[in-house]
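In what follows, a structure is listed as structure tokens, so that the remarks can point back to it.
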Amino acid sequence: MVSFASWSVLTVDYLFILYLALGGVTLAALLHLVNAKWRFDVRFLSVSFFSLYPLAFALLLILLWNGKTTFPWANSSEHMPFWNNLTFLAIREILGMILVGILGGMFIKYQATSDTNPDSKSMFRNVALLIPYLYVLYGTMVAWDFEVTLLPNWQSSIYAMYFFVSNFNMFMSITVVVIYFLNKSGALTKPIGDYIYNYFAQIMLAFTILWIYTFFAQYLIIWYGNLPEETERIVHMQYGDYGGLFWTFFIMKFVFPFVMLVFPFNRHCIWSILAVASSIIVGTWIERYTWISGTYSSPHMPMTSLFDIGVTAIVFGLAFMMVRMAMKKYNLIKA
């Protein structure tokens with residue numbers, strides 16, 4: 001039987017794939033709502049990531065099927081709140097995913113025809129207005145189900161915001177890296193101008209600052225309250241088996257990105273932006289793993305077993321092929 005620490009790798013991979021899909025639609029919706037002119041450069045490339053949604057759904061079913069390993073509290077004999085039972089969790093997660101999938105599909109459908117069809121343009125804006133709300137509400141449920149309530153007595157009123165701010169910055173970072181390699185290889189049917197990197201760098205800096213704000217807002221409240229049921233989880237992650245991982249993702253997600261992007265010249269240097277984006281991507285994966293697996297004591301380090309490496313290689317290998325097919329479908333890359 002796979003240990004919780006190793007199985008957590010699959011949970012992290014699921015959250016990564018899910019938020020790549022969600023981020024693609026959310027970015028396109030936000031750029032449309034603020035009437036950003038550069039949305040025309042990236043909107044179809046962005047929604048290409050929504051092609052990962054079926055993969056995320058399949059991973060969700062696997063995690064729910066092995067629910068007692070995914071959610072260790074299911075093995076406890078203690079009385080749990082009514083929302084902490086596997087049946088209710090599975091129902092709300094599956095229904096939530098179906099609802100988000102329908103709305104995301106509608107957004108992509110209307111975006112494709114919004115420039116030529118007045119009726120589609122009106123519907124497109126209405127659906128775009130709903131996307132940010134759904135991103136926050138659905139993201140809150142996912143954050144609580146897959147991370148917060150892993151330790152049933154632990155809670156945080158700001159954790160959901162901390163969670164989806166972190167994941168959206170990860171999506172922005174991956175998009176920057178993808179655009180760079182597509183441009184560099186000459187694969188794009190219509191190359192994207194270098195000015196786009198500065199726009200992404202500004203958003204990455206903003207979300208880095210917002211992430212550290214939510215990080216310390218949560219930390220300060222827990223530290224000031226000094227309640228054992230809240231502080232023990234944080235202390236265990238900081239100074240327990242995963243203490244090294246905890247400080248690693250803190251440096252990779254805040255210290256390095258902030259020190260680099262706070263200077264304007266780095267926000268105009270592609271290599272600096274790529275270095276920051278890579279740091280945020282890896283840091284986010286470590287962050288998710290630390291919060292999930294680090295909830296319970298374990299000496300196991302990620303990517304030190306065949307299961308960890310194999311399942312991650314399969315998941316991201318499939319993700320690469322699915323996004324590539326979507327980009328061909330939208331005629332973004334050459335055959």
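Naming works like this for the structure tokens: A, B, ... for the chains as they're shown, residue 1 at the start of each chain, ligands 1 onward in shown order.
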Those of region 182-291 of chain A in DSSP alpha helix (DSSP H), formatted as a ChimeraX atom specification: /A:182-185,195-225,228-239,243-250,256-261,270-291
Expected file: the selected residues, C-alpha atoms, as a tab-separated table (two decimals), in the first residue's frame:
chain	number	residue	atom	x	y	z
A	182	LEU	CA	7.09	28.43	-28.21
A	183	ASN	CA	8.54	31.72	-29.44
A	184	LYS	CA	12.12	30.48	-29.23
A	185	SER	CA	11.38	27.30	-31.17
A	195	TYR	CA	6.56	43.24	-24.61
A	196	ILE	CA	4.24	40.55	-23.24
A	197	TYR	CA	6.87	39.39	-20.74
A	198	ASN	CA	6.81	42.72	-18.94
A	199	TYR	CA	3.03	42.50	-18.50
A	200	PHE	CA	3.34	39.04	-16.99
A	201	ALA	CA	6.23	40.18	-14.79
A	202	GLN	CA	4.12	43.00	-13.34
A	203	ILE	CA	1.27	40.61	-12.53
A	204	MET	CA	3.70	38.06	-11.05
A	205	LEU	CA	5.13	40.77	-8.78
A	206	ALA	CA	1.65	41.84	-7.70
A	207	PHE	CA	0.62	38.28	-6.87
A	208	THR	CA	3.93	37.63	-5.08
A	209	ILE	CA	3.19	40.59	-2.79
A	210	LEU	CA	-0.42	39.45	-2.35
A	211	TRP	CA	0.77	35.91	-1.56
A	212	ILE	CA	3.15	37.09	1.17
A	213	TYR	CA	0.40	39.31	2.58
A	214	THR	CA	-1.96	36.36	2.94
A	215	PHE	CA	0.91	34.20	4.26
A	216	PHE	CA	1.73	36.58	7.10
A	217	ALA	CA	-1.90	37.58	7.76
A	218	GLN	CA	-2.64	33.92	8.42
A	219	TYR	CA	0.61	33.32	10.32
A	220	LEU	CA	0.19	36.40	12.53
A	221	ILE	CA	-3.34	35.46	13.62
A	222	ILE	CA	-2.31	31.88	14.44
A	223	TRP	CA	0.84	33.03	16.27
A	224	TYR	CA	-0.99	35.76	18.22
A	225	GLY	CA	-3.80	33.41	19.28
A	228	PRO	CA	-2.24	24.57	20.33
A	229	GLU	CA	-4.69	23.16	17.77
A	230	GLU	CA	-3.67	25.92	15.34
A	231	THR	CA	0.01	26.51	16.07
A	232	GLU	CA	1.12	22.87	16.14
A	233	ARG	CA	0.58	22.37	12.41
A	234	ILE	CA	2.67	25.42	11.51
A	235	VAL	CA	5.42	24.63	14.01
A	236	HIS	CA	5.57	21.04	12.79
A	237	MET	CA	6.00	22.17	9.17
A	238	GLN	CA	8.62	24.77	10.06
A	239	TYR	CA	10.79	22.68	12.34
A	243	GLY	CA	11.26	22.17	7.77
A	244	GLY	CA	13.71	22.37	4.87
A	245	LEU	CA	10.89	22.23	2.34
A	246	PHE	CA	8.93	24.91	4.21
A	247	TRP	CA	11.75	27.47	4.08
A	248	THR	CA	12.63	26.44	0.54
A	249	PHE	CA	9.21	27.31	-0.87
A	250	PHE	CA	9.20	30.56	1.16
A	256	PHE	CA	13.78	35.51	-4.85
A	257	PRO	CA	10.78	36.74	-6.94
A	258	PHE	CA	10.40	39.95	-4.90
A	259	VAL	CA	14.10	40.81	-4.88
A	260	MET	CA	14.23	40.30	-8.65
A	261	LEU	CA	10.95	41.81	-9.85
A	270	ILE	CA	13.40	37.97	-20.30
A	271	TRP	CA	16.04	35.85	-18.56
A	272	SER	CA	15.26	37.39	-15.18
A	273	ILE	CA	11.54	36.83	-15.71
A	274	LEU	CA	12.12	33.21	-16.72
A	275	ALA	CA	14.29	32.61	-13.63
A	276	VAL	CA	11.58	34.04	-11.38
A	277	ALA	CA	8.84	32.07	-13.16
A	278	SER	CA	10.78	28.82	-12.77
A	279	SER	CA	11.34	29.55	-9.08
A	280	ILE	CA	7.62	30.18	-8.51
A	281	ILE	CA	6.60	26.99	-10.35
A	282	VAL	CA	8.91	24.70	-8.37
A	283	GLY	CA	8.23	26.61	-5.16
A	284	THR	CA	4.47	26.17	-5.58
A	285	TRP	CA	4.78	22.42	-6.05
A	286	ILE	CA	6.91	22.19	-2.89
A	287	GLU	CA	4.45	24.45	-1.06
A	288	ARG	CA	1.47	22.26	-1.91
A	289	TYR	CA	3.38	19.11	-0.92
A	290	THR	CA	4.51	20.63	2.37
A	291	TRP	CA	0.99	21.68	3.35
Option closest in space to Ser173 (chain A), from A:Gly23, A:Asn75, A:Leu61, A:Asn331 [counting only C-alpha atoms]: A:Gly23
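Nearest residue to Val34 (chain A) among A:Met141, A:Leu129, A:Met161, A:Ala187 is A:Leu129, counting only C-alpha atoms.
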Among listed residues A:Tyr19, A:Tyr180, A:Tyr159, A:Phe254, nearest Asp145 (chain A) (using only C-alpha atoms): A:Tyr159
CA of Ala28 (chain A) to CA of Met97 (chain A), distance in Å rounded to a single decimal: 19.2 Å
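Closest approach to His268 (chain A) among A:Ile62, A:Asp194, A:Phe44, A:Ser293 is made by A:Asp194 (distances from only C-alpha atoms).
Minimum atom-to-atom distance to Phe40 (chain A), evaluated using only C-alpha atoms, belongs to A:Ile192 out of A:Ile192, A:Ile174, A:Leu318, A:Leu150.
When only C-alpha atoms are used to measure the gap to Arg39 (chain A), the shortest distance among A:Ser3, A:Thr295, A:Gln111, A:Thr87 belongs to A:Gln111.
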Residues near region 121-128 of chain A, anyone? I mean within 9 Å using only C-alpha atoms, not counting same-chain ones fewer than 3 positions away, as a PDB file with N, CA and C atoms, in the first residue's frame.
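The result, stored in result.pdb:
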ATOM      1  N   VAL A  25      -8.730  29.812 -18.074  1.00  0.00           N
ATOM      2  CA  VAL A  25     -10.005  30.499 -18.310  1.00  0.00           C
ATOM      3  C   VAL A  25     -10.075  31.791 -17.499  1.00  0.00           C
ATOM      4  N   THR A  26      -9.586  31.745 -16.269  1.00  0.00           N
ATOM      5  CA  THR A  26      -9.668  32.917 -15.394  1.00  0.00           C
ATOM      6  C   THR A  26      -8.845  34.078 -15.934  1.00  0.00           C
ATOM      7  N   ALA A  28      -8.002  34.690 -19.077  1.00  0.00           N
ATOM      8  CA  ALA A  28      -8.680  35.220 -20.267  1.00  0.00           C
ATOM      9  C   ALA A  28      -9.894  36.058 -19.874  1.00  0.00           C
ATOM     10  N   ALA A  29     -10.636  35.611 -18.862  1.00  0.00           N
ATOM     11  CA  ALA A  29     -11.825  36.343 -18.406  1.00  0.00           C
ATOM     12  C   ALA A  29     -11.434  37.682 -17.790  1.00  0.00           C
ATOM     13  N   LEU A  30     -10.419  37.682 -16.945  1.00  0.00           N
ATOM     14  CA  LEU A  30      -9.994  38.925 -16.291  1.00  0.00           C
ATOM     15  C   LEU A  30      -9.466  39.935 -17.301  1.00  0.00           C
ATOM     16  N   HIS A  32     -10.322  40.176 -20.377  1.00  0.00           N
ATOM     17  CA  HIS A  32     -11.461  40.695 -21.123  1.00  0.00           C
ATOM     18  C   HIS A  32     -12.229  41.732 -20.302  1.00  0.00           C
ATOM     19  N   LEU A  33     -12.424  41.456 -19.027  1.00  0.00           N
ATOM     20  CA  LEU A  33     -13.221  42.347 -18.174  1.00  0.00           C
ATOM     21  C   LEU A  33     -12.551  43.700 -17.964  1.00  0.00           C
ATOM     22  N   LEU A 103     -19.275  25.873 -17.197  1.00  0.00           N
ATOM     23  CA  LEU A 103     -19.087  27.316 -17.355  1.00  0.00           C
ATOM     24  C   LEU A 103     -17.807  27.623 -18.138  1.00  0.00           C
ATOM     25  N   GLY A 104     -16.744  26.861 -17.862  1.00  0.00           N
ATOM     26  CA  GLY A 104     -15.507  27.059 -18.607  1.00  0.00           C
ATOM     27  C   GLY A 104     -15.675  26.749 -20.083  1.00  0.00           C
ATOM     28  N   MET A 106     -18.469  26.987 -21.776  1.00  0.00           N
ATOM     29  CA  MET A 106     -19.270  28.078 -22.354  1.00  0.00           C
ATOM     30  C   MET A 106     -18.398  29.290 -22.647  1.00  0.00           C
ATOM     31  N   PHE A 107     -17.507  29.603 -21.715  1.00  0.00           N
ATOM     32  CA  PHE A 107     -16.622  30.758 -21.902  1.00  0.00           C
ATOM     33  C   PHE A 107     -15.785  30.592 -23.162  1.00  0.00           C
ATOM     34  N   ILE A 108     -15.192  29.416 -23.331  1.00  0.00           N
ATOM     35  CA  ILE A 108     -14.340  29.166 -24.501  1.00  0.00           C
ATOM     36  C   ILE A 108     -15.158  29.213 -25.791  1.00  0.00           C
ATOM     37  N   LYS A 109     -16.359  28.646 -25.737  1.00  0.00           N
ATOM     38  CA  LYS A 109     -17.233  28.633 -26.908  1.00  0.00           C
ATOM     39  C   LYS A 109     -17.582  30.055 -27.351  1.00  0.00           C
ATOM     40  N   TYR A 110     -18.001  30.895 -26.416  1.00  0.00           N
ATOM     41  CA  TYR A 110     -18.408  32.258 -26.766  1.00  0.00           C
ATOM     42  C   TYR A 110     -17.215  33.143 -27.093  1.00  0.00           C
ATOM     43  N   GLN A 111     -16.065  32.863 -26.500  1.00  0.00           N
ATOM     44  CA  GLN A 111     -14.879  33.647 -26.833  1.00  0.00           C
ATOM     45  C   GLN A 111     -14.504  33.451 -28.299  1.00  0.00           C
ATOM     46  N   THR A 113     -16.358  33.035 -30.833  1.00  0.00           N
ATOM     47  CA  THR A 113     -17.258  33.686 -31.800  1.00  0.00           C
ATOM     48  C   THR A 113     -17.624  35.116 -31.403  1.00  0.00           C
ATOM     49  N   SER A 114     -17.066  35.598 -30.290  1.00  0.00           N
ATOM     50  CA  SER A 114     -17.482  36.908 -29.771  1.00  0.00           C
ATOM     51  C   SER A 114     -17.098  38.070 -30.687  1.00  0.00           C
ATOM     52  N   ASP A 115     -16.076  37.906 -31.510  1.00  0.00           N
ATOM     53  CA  ASP A 115     -15.640  38.996 -32.383  1.00  0.00           C
ATOM     54  C   ASP A 115     -16.514  39.161 -33.618  1.00  0.00           C
ATOM     55  N   THR A 116     -17.263  38.121 -33.966  1.00  0.00           N
ATOM     56  CA  THR A 116     -18.056  38.168 -35.203  1.00  0.00           C
ATOM     57  C   THR A 116     -19.564  38.075 -34.971  1.00  0.00           C
ATOM     58  N   ASN A 117     -19.966  37.633 -33.790  1.00  0.00           N
ATOM     59  CA  ASN A 117     -21.385  37.429 -33.496  1.00  0.00           C
ATOM     60  C   ASN A 117     -21.804  38.303 -32.314  1.00  0.00           C
ATOM     61  N   PRO A 118     -22.688  39.296 -32.532  1.00  0.00           N
ATOM     62  CA  PRO A 118     -23.113  40.190 -31.443  1.00  0.00           C
ATOM     63  C   PRO A 118     -23.764  39.444 -30.273  1.00  0.00           C
ATOM     64  N   ILE A 131     -16.902  34.031 -14.106  1.00  0.00           N
ATOM     65  CA  ILE A 131     -15.689  33.225 -13.940  1.00  0.00           C
ATOM     66  C   ILE A 131     -14.906  33.564 -12.663  1.00  0.00           C
ATOM     67  N   PRO A 132     -14.603  34.851 -12.385  1.00  0.00           N
ATOM     68  CA  PRO A 132     -13.823  35.144 -11.159  1.00  0.00           C
ATOM     69  C   PRO A 132     -14.540  34.706  -9.879  1.00  0.00           C
TER      70      PRO A 132
END
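Here CA of Ser157 (chain A) stands at a distance of 26.8 Å from CA of Ser298 (chain A).
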